[in-house]
Structures are given as structure tokens and as C-alpha cells.
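In what follows, a structure is listed as C-alpha cells, so that the remarks can point back to it.
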Amino acid sequence: MQLRYAFRLYPDRVQRAALARAFGCARVVFNDVVRARLDARAAGLPFPKAGELSRRLITEAKRSAARSWLGEVSAVVLQQSLRDAETAYRNFFASIKGERKGSRVGAPRFKSRKDARQSIRFTANARWSVTGSGRLSLPKIGAVKVKWSRTLPSTPTSVTVIKDAAGRYFASFVIDTNQDADATRMPDSDQSVGIDLGLTHFAILDNGTKIDSPRFLRRAEKKLKKAQRALSRKQKRSKNREKARLKVARAHAQVADARREFHHQLSTKLIRENQAIAVEDLAVNGLARTRLAKSVHDAGWAQFVAMLVYKAERYGRTLIKIGRFEPTSQTCSNCGHRDGPKPLHVREWTCPACGALLDRDINSARNVKQAAGLAVSACGAPIRPEPVLAQRHEAGSHGYPPEVRAA
């Protein structure tokens with residue numbers, strides 16, 4: 001499988017100017033492809049092929065006076081921008097036909113130079129390399145200083161240079177991983193776990209372990225509020241407003257980075273300790289439209305589950321998602337009795353069938369594990385007991401007591 005390894009870049013003043021030119025040229029080529037498609041559609045003509053667009057918008061454009069500055073950047077950057085536009089159109093048409101999974105994808109739109117995120121991509125034929133001193137040598141940009149936080153497991157196939165909203169530069173390498181080598185790094189385990197995701201506690205395991213939610217956004221709200229108020233007071237299109245915007249972007253980047261690091265550490269720990277993991281397929285988009293929207297986004301459940309998915313595939317683990325309509329909070333994990341939904345303020349209750357005192361979150365985690373078919377006892381038998389015959393006073397219909405039925 002392919003993974004991305006991102007490292008922080010520290011370009012100097014000249015290299016930042018060269019990267020800005022590369023970002024601008026890639027953006028212009030992308031917009032030219034979108035304009036060519038729109039013009040062909042308006043004229044009732046078939047969409048031009050990628051080869052024709054490459055000849056007209058890159059090769060011939062470099063020879064013209066209006067687009068001669070396209071020759072100041074690597075040709076690979078321009079070709080990859082054209083391919084990105086073609087991929088965006090293929091995804092759009094596949095989404096219309098219903099051939100693409102996920103939410104509906106819109107048609108490609110024009111990129112703006114004011115976009116918060118800019119990126120360019122270099123493939124192997126661009127002849128980029130890592131120098132002996134550890135710098136990243138990029139064509140027509142130079143050797144850029146890199147902060148190597150870890151070693152690359154194999155030779156990258158491409159590198160993408162990204163500038164985010166906070167003004168930081170990153171190099172994102174695409175790596176082909178070796179599953180045999182990954183299997184040796186993560187030995188097999190005989191443990192399995194069911195996970196219930198929540199807001200008060202981020203994750204509750206079926207063994208009773210509760211992992212508190214760090215609430216990174218809530219803890220940084222005071223700082224974010226102060227920075228946002230300072231931004232709103234600055235005059236538009238002024239240099240001070242740009243400085244204030246960077247402060248807001250950096251504050252948000254710190255929150256996102258801390259959340260991502262927490263998700264990586266927890267997901268890796270769970271993958272290392274368990275051979276099989278069961279989670280609930282939560283409807284995050286629906287929950288984000290409720291009064292708990294900020295807390296749901298702050299938790300970042302979707303990002304955490306996505307990490308579990310690719311790490312389980314990489315290290316040969318089993319990840320099972322149960323349906324979101326499974327009544328995990330309505331069913332007793334001890335006897336299987338279902339007594340209906342409960343409001344959120346009910347955190348503990350006693351099962352009316354077996355009399356067991358149940359914790360709402362731990363009970364849900366155990367039901368998630370049982371619904372995934374992972375819950376077994378020491379002798380290998382299922383934990384959920386076999387169904388037994390109902391008692392005489394429970395065998396009636398529609399809930400009527402026996403006296404009423406007899407009458």
C-alpha cells in the first residue's frame with residue numbers, strides 16, 4: 001500500500017520566491033484547463049483530450065509572450081497540474097454516474113491566488129533528490145532545508161510541496177510500503193477490543209478503560225477568540241490584517257496538529273495491542289448538525305477511524321465496523337435484554353432482566369465487540385448467553401398483563 005510521509009521545509013527568501021512562482025504557474029495551468037473545458041461545453045464541442053491540452057496550454061503557451069513565464073518553473077509541475085484537473089473532472093463525472101463512493105463531488109472550479117493552501121508535485125522524472133547533507137533538491141528551486149523527524153522506509157515515488165494557511169512549508173513523500181517488513185514490526189496478538197467513541201471520554205474500551213477527551217479546540221478557544229477579534233479590527237487588504245490572519249491560522253494549526261498527534265498515538269497503541277478491533281460506524285455528518293456540533297468536530301472521530309483503517313490494513317490487523325443503528329446503548333451486555341432508548345443524562349442503570357448495574361459507555365463498548373463477533377470467553381464460547389424460554393408472565397402479547405388477557 002502507499003502512504004505519505006510529511007516533513008517540515010524551511011526555504012530561504014530566494015527559495016520562497018521560486019516556490020511562489022511555481023505555485024502560481026501550476027494554478028494558471030489548472031485554471032486554463034477548466035476554462036478550455038467550459039469553452040468547449042459552451043460551444044457544443046467535445047472535451048479536448050489531455051494531449052491536446054498539454055500541447056496548447058503548456059508547450060505552445062511557453063512560446064507566446066503572454067505565457068512565456070511558464071518556462072521559469074519545471075515542466076513536471078505544469079504537467080502534474082494538468083493531470084490534477086483531468087482527475088478532478090473524472091471524479092466529477094464518476095460521481096454524477098454513481099460510480100464513485102462517498103458524497104457527491106462538484107465540478108472543478110477556478111483556483112485563486114488567495115487560496116489558503118498551495119501545492120505543487122514533482123514525480124521521479126523531475127530529477128529531484130535528497131542531497132548528502134540532507135537537503136531536498138528541487139528543480140529550478142534549489143536545495144531546501146528539511147527537518148527529518150524519521151527515516152523513509154523506501155525510496156519515494158513522488159514529492160508534493162505544500163504551503164498551508166499558516167505559511168508553513170511541507171514536503172509530502174509517497175512511499176510504497178513492504179507488508180512483510182511491516183508484519184515483523186508488529187507481531188501478532190491474541191487480543192481483541194471493542195471501542196465506543198464519545199465526547200466526555202474520547203474512547204471507552206470493553207475492558208472498562210476510559211480515555212479522556214483532550215478537547216483541544218475547547219482549551220484553545222480563549223486564544224482563538226482573542227486572535228479572531230484582533231483580525232476583525234484590521235483594515236481589509238492591509239499588511240496588518242495579513243499578519244493577524246497568520247496568527248489565527250497558526251493558532252488553528254496548533255489545535256489540528258495536537259489532535260492529529262493524539263489520534264496517531266492512540267490508534268497505533270490499539271493496533272499494536274490488539275489483533276481485531278471493532279468500532280461503530282458513526283454518522284458524523286448528521287451529528288455535526290446538532291447542538292453538539294463543536295464538540296463532535298473537536299473530537300475528530302472520522303480522522304481517528306480512518307487511521308485505524310489504514311493501520312489495520314498495513315499491519316495485518318482486522319477492523320470491523322458495525323452498523324450505526326445497532327442498539328448498543330439499549331441492550332444489556334450481560335444478558336442481552338433490550339429495554340429501549342435512554343436520554344443522554346442516564347449514565348448508569350440497572351438491567352430489569354438480570355439486575356446487573358451497567359455503565360452506559362462500557363456497556364456500549366462490550367455490545368460493539370459482541371456485535372462484531374469478537375467477544376469470546378476463555379474456552380472459546382460466545383459471551384452472550386443462549387436464548388432461554390420466557391417466563392409465563394412474559395409470554396403475553398402487546399405487553400398486556402395476564403389478568404387482562406384472562407378477562
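Going through the C-alpha cells in order, the chains are called A, B, and so on, while each chain numbers its residues from 1 and the ligands are numbered from 1 in the order shown.
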Name the residues in contact with Pro341 in chain A at a cut-off of 10 Å, using only C-alpha atoms, excluding same-chain residues fewer than 4 positions from it; report them as an MDAnalysis selection string.
chainID A and resid 327:331
Quick one: write out the picked residues with N, CA, C and O atoms as a PDB file, in the first residue's frame?
```pdb
ATOM      1  N   PRO A 327     -28.370  -1.245  18.390  1.00  0.00           N
ATOM      2  CA  PRO A 327     -28.788  -0.669  19.689  1.00  0.00           C
ATOM      3  C   PRO A 327     -27.777  -0.958  20.789  1.00  0.00           C
ATOM      4  O   PRO A 327     -28.073  -1.687  21.755  1.00  0.00           O
ATOM      5  N   THR A 328     -26.583  -0.417  20.688  1.00  0.00           N
ATOM      6  CA  THR A 328     -25.548  -0.722  21.666  1.00  0.00           C
ATOM      7  C   THR A 328     -25.831  -0.120  23.035  1.00  0.00           C
ATOM      8  O   THR A 328     -25.409  -0.677  24.049  1.00  0.00           O
ATOM      9  N   SER A 329     -26.532   1.011  23.086  1.00  0.00           N
ATOM     10  CA  SER A 329     -26.835   1.642  24.372  1.00  0.00           C
ATOM     11  C   SER A 329     -28.188   1.228  24.915  1.00  0.00           C
ATOM     12  O   SER A 329     -28.595   1.714  25.972  1.00  0.00           O
ATOM     13  N   GLN A 330     -28.899   0.355  24.212  1.00  0.00           N
ATOM     14  CA  GLN A 330     -30.218  -0.093  24.666  1.00  0.00           C
ATOM     15  C   GLN A 330     -30.217  -1.542  25.132  1.00  0.00           C
ATOM     16  O   GLN A 330     -31.194  -2.006  25.715  1.00  0.00           O
ATOM     17  N   THR A 331     -29.138  -2.264  24.869  1.00  0.00           N
ATOM     18  CA  THR A 331     -29.078  -3.689  25.144  1.00  0.00           C
ATOM     19  C   THR A 331     -28.135  -3.958  26.299  1.00  0.00           C
ATOM     20  O   THR A 331     -27.046  -3.372  26.381  1.00  0.00           O
TER      21      THR A 331
END
```
Neighbour list for Leu199 in chain A as JSON, numbers by chain, cut-off 10 Å, only C-alpha atoms, skip fewer than 3 positions in-chain:
{"A": [202, 203, 212, 213, 214, 215, 292, 295, 296, 298, 299, 301]}
Written file, previous selection with N, CA and C atoms, as an mmCIF file, in the first residue's frame:
```cif
data_model
loop_
_atom_site.group_PDB
_atom_site.id
_atom_site.type_symbol
_atom_site.label_atom_id
_atom_site.label_comp_id
_atom_site.auth_asym_id
_atom_site.auth_seq_id
_atom_site.Cartn_x
_atom_site.Cartn_y
_atom_site.Cartn_z
ATOM 1 N N PHE A 202 -13.116 10.231 25.130
ATOM 2 C CA PHE A 202 -12.948 10.071 23.690
ATOM 3 C C PHE A 202 -13.191 8.632 23.264
ATOM 4 N N ALA A 203 -12.637 7.675 24.006
ATOM 5 C CA ALA A 203 -12.782 6.262 23.660
ATOM 6 C C ALA A 203 -12.968 5.462 24.936
ATOM 7 N N ASP A 212 -9.779 9.809 28.318
ATOM 8 C CA ASP A 212 -10.372 11.144 28.351
ATOM 9 C C ASP A 212 -10.189 11.867 27.021
ATOM 10 N N SER A 213 -11.140 12.727 26.711
ATOM 11 C CA SER A 213 -11.051 13.538 25.506
ATOM 12 C C SER A 213 -10.227 14.784 25.785
ATOM 13 N N PRO A 214 -9.147 15.025 25.033
ATOM 14 C CA PRO A 214 -8.303 16.202 25.309
ATOM 15 C C PRO A 214 -9.009 17.529 25.066
ATOM 16 N N ARG A 215 -9.990 17.551 24.153
ATOM 17 C CA ARG A 215 -10.743 18.784 23.856
ATOM 18 C C ARG A 215 -9.787 19.922 23.489
ATOM 19 N N LEU A 292 -24.441 19.600 19.469
ATOM 20 C CA LEU A 292 -23.129 19.108 19.880
ATOM 21 C C LEU A 292 -22.102 19.227 18.757
ATOM 22 N N SER A 295 -18.380 20.093 19.664
ATOM 23 C CA SER A 295 -17.722 19.005 20.391
ATOM 24 C C SER A 295 -17.445 17.820 19.467
ATOM 25 N N VAL A 296 -18.361 17.557 18.534
ATOM 26 C CA VAL A 296 -18.159 16.448 17.589
ATOM 27 C C VAL A 296 -16.963 16.733 16.688
ATOM 28 N N ASP A 298 -14.524 18.756 17.389
ATOM 29 C CA ASP A 298 -13.327 18.793 18.225
ATOM 30 C C ASP A 298 -12.798 17.392 18.490
ATOM 31 N N ALA A 299 -13.685 16.408 18.601
ATOM 32 C CA ALA A 299 -13.245 15.037 18.858
ATOM 33 C C ALA A 299 -12.530 14.447 17.647
ATOM 34 N N TRP A 301 -13.682 12.157 15.275
ATOM 35 C CA TRP A 301 -13.881 10.701 15.186
ATOM 36 C C TRP A 301 -13.516 10.162 13.805
#
```
Could the residues of range 118-188 of chain A that have an atom at most 6 Å from range 4-11 of chain A be listed as a Markdown table, each with its closest atom pair and the distance in Å to one decimal, counting only C-alpha atoms and ordered by chain and ascending residue number?
```
| residue | atom | partner | partner_atom | distance |
| --- | --- | --- | --- | --- |
| A:Val144 | CA | A:Pro11 | CA | 5.3 |
| A:Lys145 | CA | A:Tyr10 | CA | 5.2 |
| A:Val146 | CA | A:Leu9 | CA | 4.7 |
| A:Lys147 | CA | A:Arg8 | CA | 5.4 |
| A:Tyr169 | CA | A:Leu9 | CA | 5.1 |
| A:Phe170 | CA | A:Arg8 | CA | 4.5 |
| A:Ala171 | CA | A:Phe7 | CA | 5.3 |
| A:Ser172 | CA | A:Ala6 | CA | 4.2 |
| A:Phe173 | CA | A:Tyr5 | CA | 5.1 |
| A:Val174 | CA | A:Arg4 | CA | 4.7 |
```
Computed interatomic separation between CA of Glu99 in chain A and CA of Thr87 in chain A (Å):
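Going from CA of Glu99 in chain A over to CA of Thr87 in chain A covers 14.3 Å.
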Non-local contacts of Ser154 in chain A (8 Å; only C-alpha atoms; under 5 positions in same chain excluded) as a PyMOL selection string:
chain A and resi 175-177
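Summary of the local environment: counting only C-alpha atoms, residues at most 8 Å from Lys369 in chain A, other than itself and those fewer than 6 positions away along its chain, are A:Val193, A:Gly194, A:Ile195, A:Asp206, A:Ile277, A:Ala278, A:Val279, A:Ala375.
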Pull N, CA and C atoms from the residues just selected and write them as a compact mmCIF listing (two decimals), in the first residue's frame.
```
# COMPACT_ATOMS: atom_id res chain seq x y z
N VAL A 193 -10.60 -6.00 20.87
CA VAL A 193 -11.16 -4.91 21.66
C VAL A 193 -12.35 -4.31 20.93
N GLY A 194 -13.33 -3.90 21.71
CA GLY A 194 -14.46 -3.13 21.19
C GLY A 194 -14.37 -1.71 21.71
N ILE A 195 -14.59 -0.74 20.84
CA ILE A 195 -14.39 0.67 21.17
C ILE A 195 -15.70 1.42 20.98
N ASP A 206 -13.90 -2.07 25.89
CA ASP A 206 -14.80 -3.04 26.50
C ASP A 206 -14.27 -3.59 27.83
N ILE A 277 -10.18 -5.29 16.04
CA ILE A 277 -10.75 -4.08 16.64
C ILE A 277 -12.15 -3.88 16.06
N ALA A 278 -13.09 -3.56 16.92
CA ALA A 278 -14.47 -3.29 16.49
C ALA A 278 -14.83 -1.87 16.88
N VAL A 279 -15.35 -1.11 15.93
CA VAL A 279 -15.82 0.25 16.17
C VAL A 279 -17.20 0.41 15.54
N ALA A 375 -16.40 -11.18 20.74
CA ALA A 375 -16.46 -11.47 22.16
C ALA A 375 -16.55 -12.96 22.38
```
So which residues of range 211-265 of chain A fall under helix (DSSP H, G or I) by DSSP, listed as a PyMOL selection string?
chain A and resi 216-219+221-232+239-265
Residue contacts of Leu82 in chain A (12 Å, only C-alpha atoms) excluding same-chain residues fewer than 5 positions away, as JSON, numbers by chain:
{"A": [25, 26, 27, 28, 29, 30, 31, 32, 33, 34, 36, 49, 50, 51, 52, 53, 54, 55, 56, 57, 58, 75, 76, 77, 87, 88, 89, 120, 121]}
Please provide as a PyMOL selection string all residues within 10 Å of Gly71 in chain A, with the sequence filter that same-chain residues fewer than 5 positions apart are discarded (counting only C-alpha atoms).
chain A and resi 25+58-59+61-63+78
If you count only C-alpha atoms, which residues fall within 7 Å of Asp164 in chain A, apart from same-chain ones fewer than 2 positions away, as a PDB file with all heavy atoms, in the first residue's frame?
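Result went into part.pdb, see below:
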```pdb
ATOM      1  N   ALA A 116      -5.873  29.539   0.710  1.00  0.00           N
ATOM      2  CA  ALA A 116      -5.018  29.349   1.885  1.00  0.00           C
ATOM      3  C   ALA A 116      -3.969  28.272   1.659  1.00  0.00           C
ATOM      4  O   ALA A 116      -2.891  28.319   2.242  1.00  0.00           O
ATOM      5  CB  ALA A 116      -5.873  29.003   3.103  1.00  0.00           C
ATOM      6  N   ARG A 117      -4.258  27.299   0.810  1.00  0.00           N
ATOM      7  CA  ARG A 117      -3.345  26.178   0.607  1.00  0.00           C
ATOM      8  C   ARG A 117      -2.884  26.140  -0.844  1.00  0.00           C
ATOM      9  O   ARG A 117      -3.702  26.206  -1.755  1.00  0.00           O
ATOM     10  CB  ARG A 117      -4.044  24.870   0.971  1.00  0.00           C
ATOM     11  CG  ARG A 117      -3.147  23.633   0.902  1.00  0.00           C
ATOM     12  CD  ARG A 117      -3.958  22.398   1.258  1.00  0.00           C
ATOM     13  NE  ARG A 117      -3.155  21.181   1.279  1.00  0.00           N
ATOM     14  CZ  ARG A 117      -2.852  20.452   0.205  1.00  0.00           C
ATOM     15  NH1 ARG A 117      -3.299  20.824  -0.986  1.00  0.00           N
ATOM     16  NH2 ARG A 117      -2.133  19.353   0.320  1.00  0.00           N
ATOM     17  N   GLN A 118      -1.578  26.051  -1.039  1.00  0.00           N
ATOM     18  CA  GLN A 118      -0.983  25.947  -2.366  1.00  0.00           C
ATOM     19  C   GLN A 118      -0.103  24.706  -2.400  1.00  0.00           C
ATOM     20  O   GLN A 118       0.513  24.338  -1.386  1.00  0.00           O
ATOM     21  CB  GLN A 118      -0.145  27.185  -2.697  1.00  0.00           C
ATOM     22  CG  GLN A 118      -0.880  28.505  -2.566  1.00  0.00           C
ATOM     23  CD  GLN A 118      -1.785  28.784  -3.748  1.00  0.00           C
ATOM     24  OE1 GLN A 118      -1.679  28.134  -4.780  1.00  0.00           O
ATOM     25  NE2 GLN A 118      -2.668  29.753  -3.600  1.00  0.00           N
ATOM     26  N   ILE A 162       3.929  21.591  -0.171  1.00  0.00           N
ATOM     27  CA  ILE A 162       2.670  22.196   0.265  1.00  0.00           C
ATOM     28  C   ILE A 162       2.973  23.424   1.109  1.00  0.00           C
ATOM     29  O   ILE A 162       3.864  23.391   1.970  1.00  0.00           O
ATOM     30  CB  ILE A 162       1.834  21.186   1.083  1.00  0.00           C
ATOM     31  CG1 ILE A 162       1.566  19.924   0.269  1.00  0.00           C
ATOM     32  CG2 ILE A 162       0.517  21.811   1.530  1.00  0.00           C
ATOM     33  CD1 ILE A 162       1.001  18.795   1.081  1.00  0.00           C
ATOM     34  N   ALA A 166      -1.097  28.602   7.439  1.00  0.00           N
ATOM     35  CA  ALA A 166      -0.256  29.259   8.441  1.00  0.00           C
ATOM     36  C   ALA A 166       1.093  29.681   7.880  1.00  0.00           C
ATOM     37  O   ALA A 166       1.957  30.138   8.638  1.00  0.00           O
ATOM     38  CB  ALA A 166      -0.050  28.323   9.630  1.00  0.00           C
ATOM     39  N   GLY A 167       1.309  29.518   6.564  1.00  0.00           N
ATOM     40  CA  GLY A 167       2.557  29.916   5.949  1.00  0.00           C
ATOM     41  C   GLY A 167       3.677  28.916   6.119  1.00  0.00           C
ATOM     42  O   GLY A 167       4.843  29.236   5.847  1.00  0.00           O
ATOM     43  N   ARG A 168       3.366  27.704   6.552  1.00  0.00           N
ATOM     44  CA  ARG A 168       4.387  26.660   6.720  1.00  0.00           C
ATOM     45  C   ARG A 168       4.532  25.850   5.434  1.00  0.00           C
ATOM     46  O   ARG A 168       3.559  25.661   4.700  1.00  0.00           O
ATOM     47  CB  ARG A 168       4.019  25.741   7.885  1.00  0.00           C
ATOM     48  CG  ARG A 168       3.807  26.470   9.197  1.00  0.00           C
ATOM     49  CD  ARG A 168       3.394  25.505  10.296  1.00  0.00           C
ATOM     50  NE  ARG A 168       2.146  24.820   9.967  1.00  0.00           N
ATOM     51  CZ  ARG A 168       1.588  23.888  10.736  1.00  0.00           C
ATOM     52  NH1 ARG A 168       2.178  23.515  11.856  1.00  0.00           N
ATOM     53  NH2 ARG A 168       0.456  23.324  10.367  1.00  0.00           N
ATOM     54  N   TYR A 169       5.741  25.354   5.208  1.00  0.00           N
ATOM     55  CA  TYR A 169       6.024  24.542   4.025  1.00  0.00           C
ATOM     56  C   TYR A 169       6.278  23.097   4.458  1.00  0.00           C
ATOM     57  O   TYR A 169       6.957  22.838   5.459  1.00  0.00           O
ATOM     58  CB  TYR A 169       7.249  25.079   3.276  1.00  0.00           C
ATOM     59  CG  TYR A 169       7.043  26.442   2.659  1.00  0.00           C
ATOM     60  CD1 TYR A 169       7.259  27.604   3.392  1.00  0.00           C
ATOM     61  CD2 TYR A 169       6.624  26.576   1.333  1.00  0.00           C
ATOM     62  CE1 TYR A 169       7.074  28.855   2.827  1.00  0.00           C
ATOM     63  CE2 TYR A 169       6.446  27.828   0.756  1.00  0.00           C
ATOM     64  CZ  TYR A 169       6.663  28.958   1.511  1.00  0.00           C
ATOM     65  OH  TYR A 169       6.473  30.196   0.957  1.00  0.00           O
TER      66      TYR A 169
END
```
Pick out each residue of range 83-192 of chain A that DSSP on the backbone tags as strand (DSSP E or B); I need them as a ChimeraX atom specification.
/A:118-123,129-130,136-138,142-147,158-163,169-176,192
Just to be explicit: take each residue in the selection above, keep N, CA and C atoms, and write the result as an mmCIF file, in the first residue's frame.
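The result, written out as again34.cif:
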```
data_model
loop_
_atom_site.group_PDB
_atom_site.id
_atom_site.type_symbol
_atom_site.label_atom_id
_atom_site.label_comp_id
_atom_site.auth_asym_id
_atom_site.auth_seq_id
_atom_site.Cartn_x
_atom_site.Cartn_y
_atom_site.Cartn_z
ATOM 1 N N GLN A 118 -1.578 26.051 -1.039
ATOM 2 C CA GLN A 118 -0.983 25.947 -2.366
ATOM 3 C C GLN A 118 -0.103 24.706 -2.400
ATOM 4 N N SER A 119 -0.025 24.042 -3.553
ATOM 5 C CA SER A 119 0.791 22.833 -3.639
ATOM 6 C C SER A 119 1.267 22.620 -5.072
ATOM 7 N N ILE A 120 2.411 21.958 -5.190
ATOM 8 C CA ILE A 120 2.955 21.511 -6.467
ATOM 9 C C ILE A 120 3.515 20.103 -6.251
ATOM 10 N N ARG A 121 3.611 19.319 -7.337
ATOM 11 C CA ARG A 121 4.076 17.947 -7.219
ATOM 12 C C ARG A 121 5.196 17.671 -8.210
ATOM 13 N N PHE A 122 6.213 16.947 -7.732
ATOM 14 C CA PHE A 122 7.334 16.514 -8.554
ATOM 15 C C PHE A 122 7.343 14.986 -8.594
ATOM 16 N N THR A 123 7.361 14.425 -9.773
ATOM 17 C CA THR A 123 7.475 12.975 -9.924
ATOM 18 C C THR A 123 8.937 12.585 -10.124
ATOM 19 N N SER A 129 15.984 15.154 -5.744
ATOM 20 C CA SER A 129 16.809 14.233 -4.974
ATOM 21 C C SER A 129 17.034 14.784 -3.577
ATOM 22 N N VAL A 130 17.524 13.919 -2.720
ATOM 23 C CA VAL A 130 17.944 14.292 -1.375
ATOM 24 C C VAL A 130 19.467 14.325 -1.358
ATOM 25 N N LEU A 136 16.589 18.799 0.434
ATOM 26 C CA LEU A 136 15.748 18.354 -0.678
ATOM 27 C C LEU A 136 16.030 19.245 -1.888
ATOM 28 N N SER A 137 16.628 18.658 -2.917
ATOM 29 C CA SER A 137 16.979 19.411 -4.116
ATOM 30 C C SER A 137 15.820 19.334 -5.105
ATOM 31 N N LEU A 138 15.227 20.472 -5.423
ATOM 32 C CA LEU A 138 14.089 20.562 -6.335
ATOM 33 C C LEU A 138 14.497 21.349 -7.574
ATOM 34 N N GLY A 142 16.035 24.819 -5.896
ATOM 35 C CA GLY A 142 17.258 24.728 -5.118
ATOM 36 C C GLY A 142 17.175 23.668 -4.037
ATOM 37 N N ALA A 143 18.231 23.606 -3.235
ATOM 38 C CA ALA A 143 18.302 22.640 -2.135
ATOM 39 C C ALA A 143 17.648 23.259 -0.900
ATOM 40 N N VAL A 144 16.508 22.716 -0.503
ATOM 41 C CA VAL A 144 15.711 23.269 0.596
ATOM 42 C C VAL A 144 16.018 22.488 1.869
ATOM 43 N N LYS A 145 16.143 23.202 2.964
ATOM 44 C CA LYS A 145 16.405 22.576 4.267
ATOM 45 C C LYS A 145 15.170 21.805 4.725
ATOM 46 N N VAL A 146 15.392 20.576 5.226
ATOM 47 C CA VAL A 146 14.312 19.696 5.667
ATOM 48 C C VAL A 146 14.558 19.298 7.111
ATOM 49 N N LYS A 147 13.485 19.258 7.892
ATOM 50 C CA LYS A 147 13.549 18.743 9.259
ATOM 51 C C LYS A 147 13.112 17.280 9.226
ATOM 52 N N SER A 158 7.225 10.072 -5.487
ATOM 53 C CA SER A 158 6.950 11.469 -5.820
ATOM 54 C C SER A 158 7.010 12.290 -4.543
ATOM 55 N N VAL A 159 7.099 13.591 -4.711
ATOM 56 C CA VAL A 159 7.103 14.505 -3.577
ATOM 57 C C VAL A 159 6.196 15.682 -3.917
ATOM 58 N N THR A 160 5.375 16.070 -2.953
ATOM 59 C CA THR A 160 4.485 17.219 -3.097
ATOM 60 C C THR A 160 4.901 18.288 -2.108
ATOM 61 N N VAL A 161 5.142 19.483 -2.586
ATOM 62 C CA VAL A 161 5.498 20.615 -1.735
ATOM 63 C C VAL A 161 4.228 21.406 -1.454
ATOM 64 N N ILE A 162 3.929 21.591 -0.171
ATOM 65 C CA ILE A 162 2.670 22.196 0.265
ATOM 66 C C ILE A 162 2.973 23.424 1.109
ATOM 67 N N LYS A 163 2.222 24.472 0.869
ATOM 68 C CA LYS A 163 2.217 25.648 1.735
ATOM 69 C C LYS A 163 0.831 25.764 2.336
ATOM 70 N N TYR A 169 5.741 25.354 5.208
ATOM 71 C CA TYR A 169 6.024 24.542 4.025
ATOM 72 C C TYR A 169 6.278 23.097 4.458
ATOM 73 N N PHE A 170 5.747 22.169 3.665
ATOM 74 C CA PHE A 170 5.912 20.747 3.955
ATOM 75 C C PHE A 170 6.259 20.013 2.664
ATOM 76 N N ALA A 171 7.029 18.941 2.825
ATOM 77 C CA ALA A 171 7.318 18.019 1.728
ATOM 78 C C ALA A 171 6.629 16.701 2.048
ATOM 79 N N SER A 172 5.717 16.285 1.185
ATOM 80 C CA SER A 172 4.942 15.059 1.385
ATOM 81 C C SER A 172 5.411 14.017 0.376
ATOM 82 N N PHE A 173 6.034 12.949 0.883
ATOM 83 C CA PHE A 173 6.583 11.884 0.042
ATOM 84 C C PHE A 173 5.597 10.723 -0.041
ATOM 85 N N VAL A 174 5.452 10.143 -1.219
ATOM 86 C CA VAL A 174 4.629 8.949 -1.416
ATOM 87 C C VAL A 174 5.547 7.736 -1.353
ATOM 88 N N ILE A 175 5.227 6.817 -0.419
ATOM 89 C CA ILE A 175 6.078 5.660 -0.158
ATOM 90 C C ILE A 175 5.270 4.386 -0.404
ATOM 91 N N ASP A 176 5.871 3.443 -1.097
ATOM 92 C CA ASP A 176 5.307 2.091 -1.231
ATOM 93 C C ASP A 176 5.833 1.237 -0.084
ATOM 94 N N SER A 192 -8.448 -8.837 21.395
ATOM 95 C CA SER A 192 -9.405 -8.084 20.583
ATOM 96 C C SER A 192 -10.076 -7.051 21.481
#
```
Have a look at A:Asp339, A:Asp115, A:Glu280, A:Asp257 and name the one nearest to Leu217 in chain A; count only C-alpha atoms.
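Looking only at the distances to Leu217 in chain A, the closest residue turns out to be A:Asp257.
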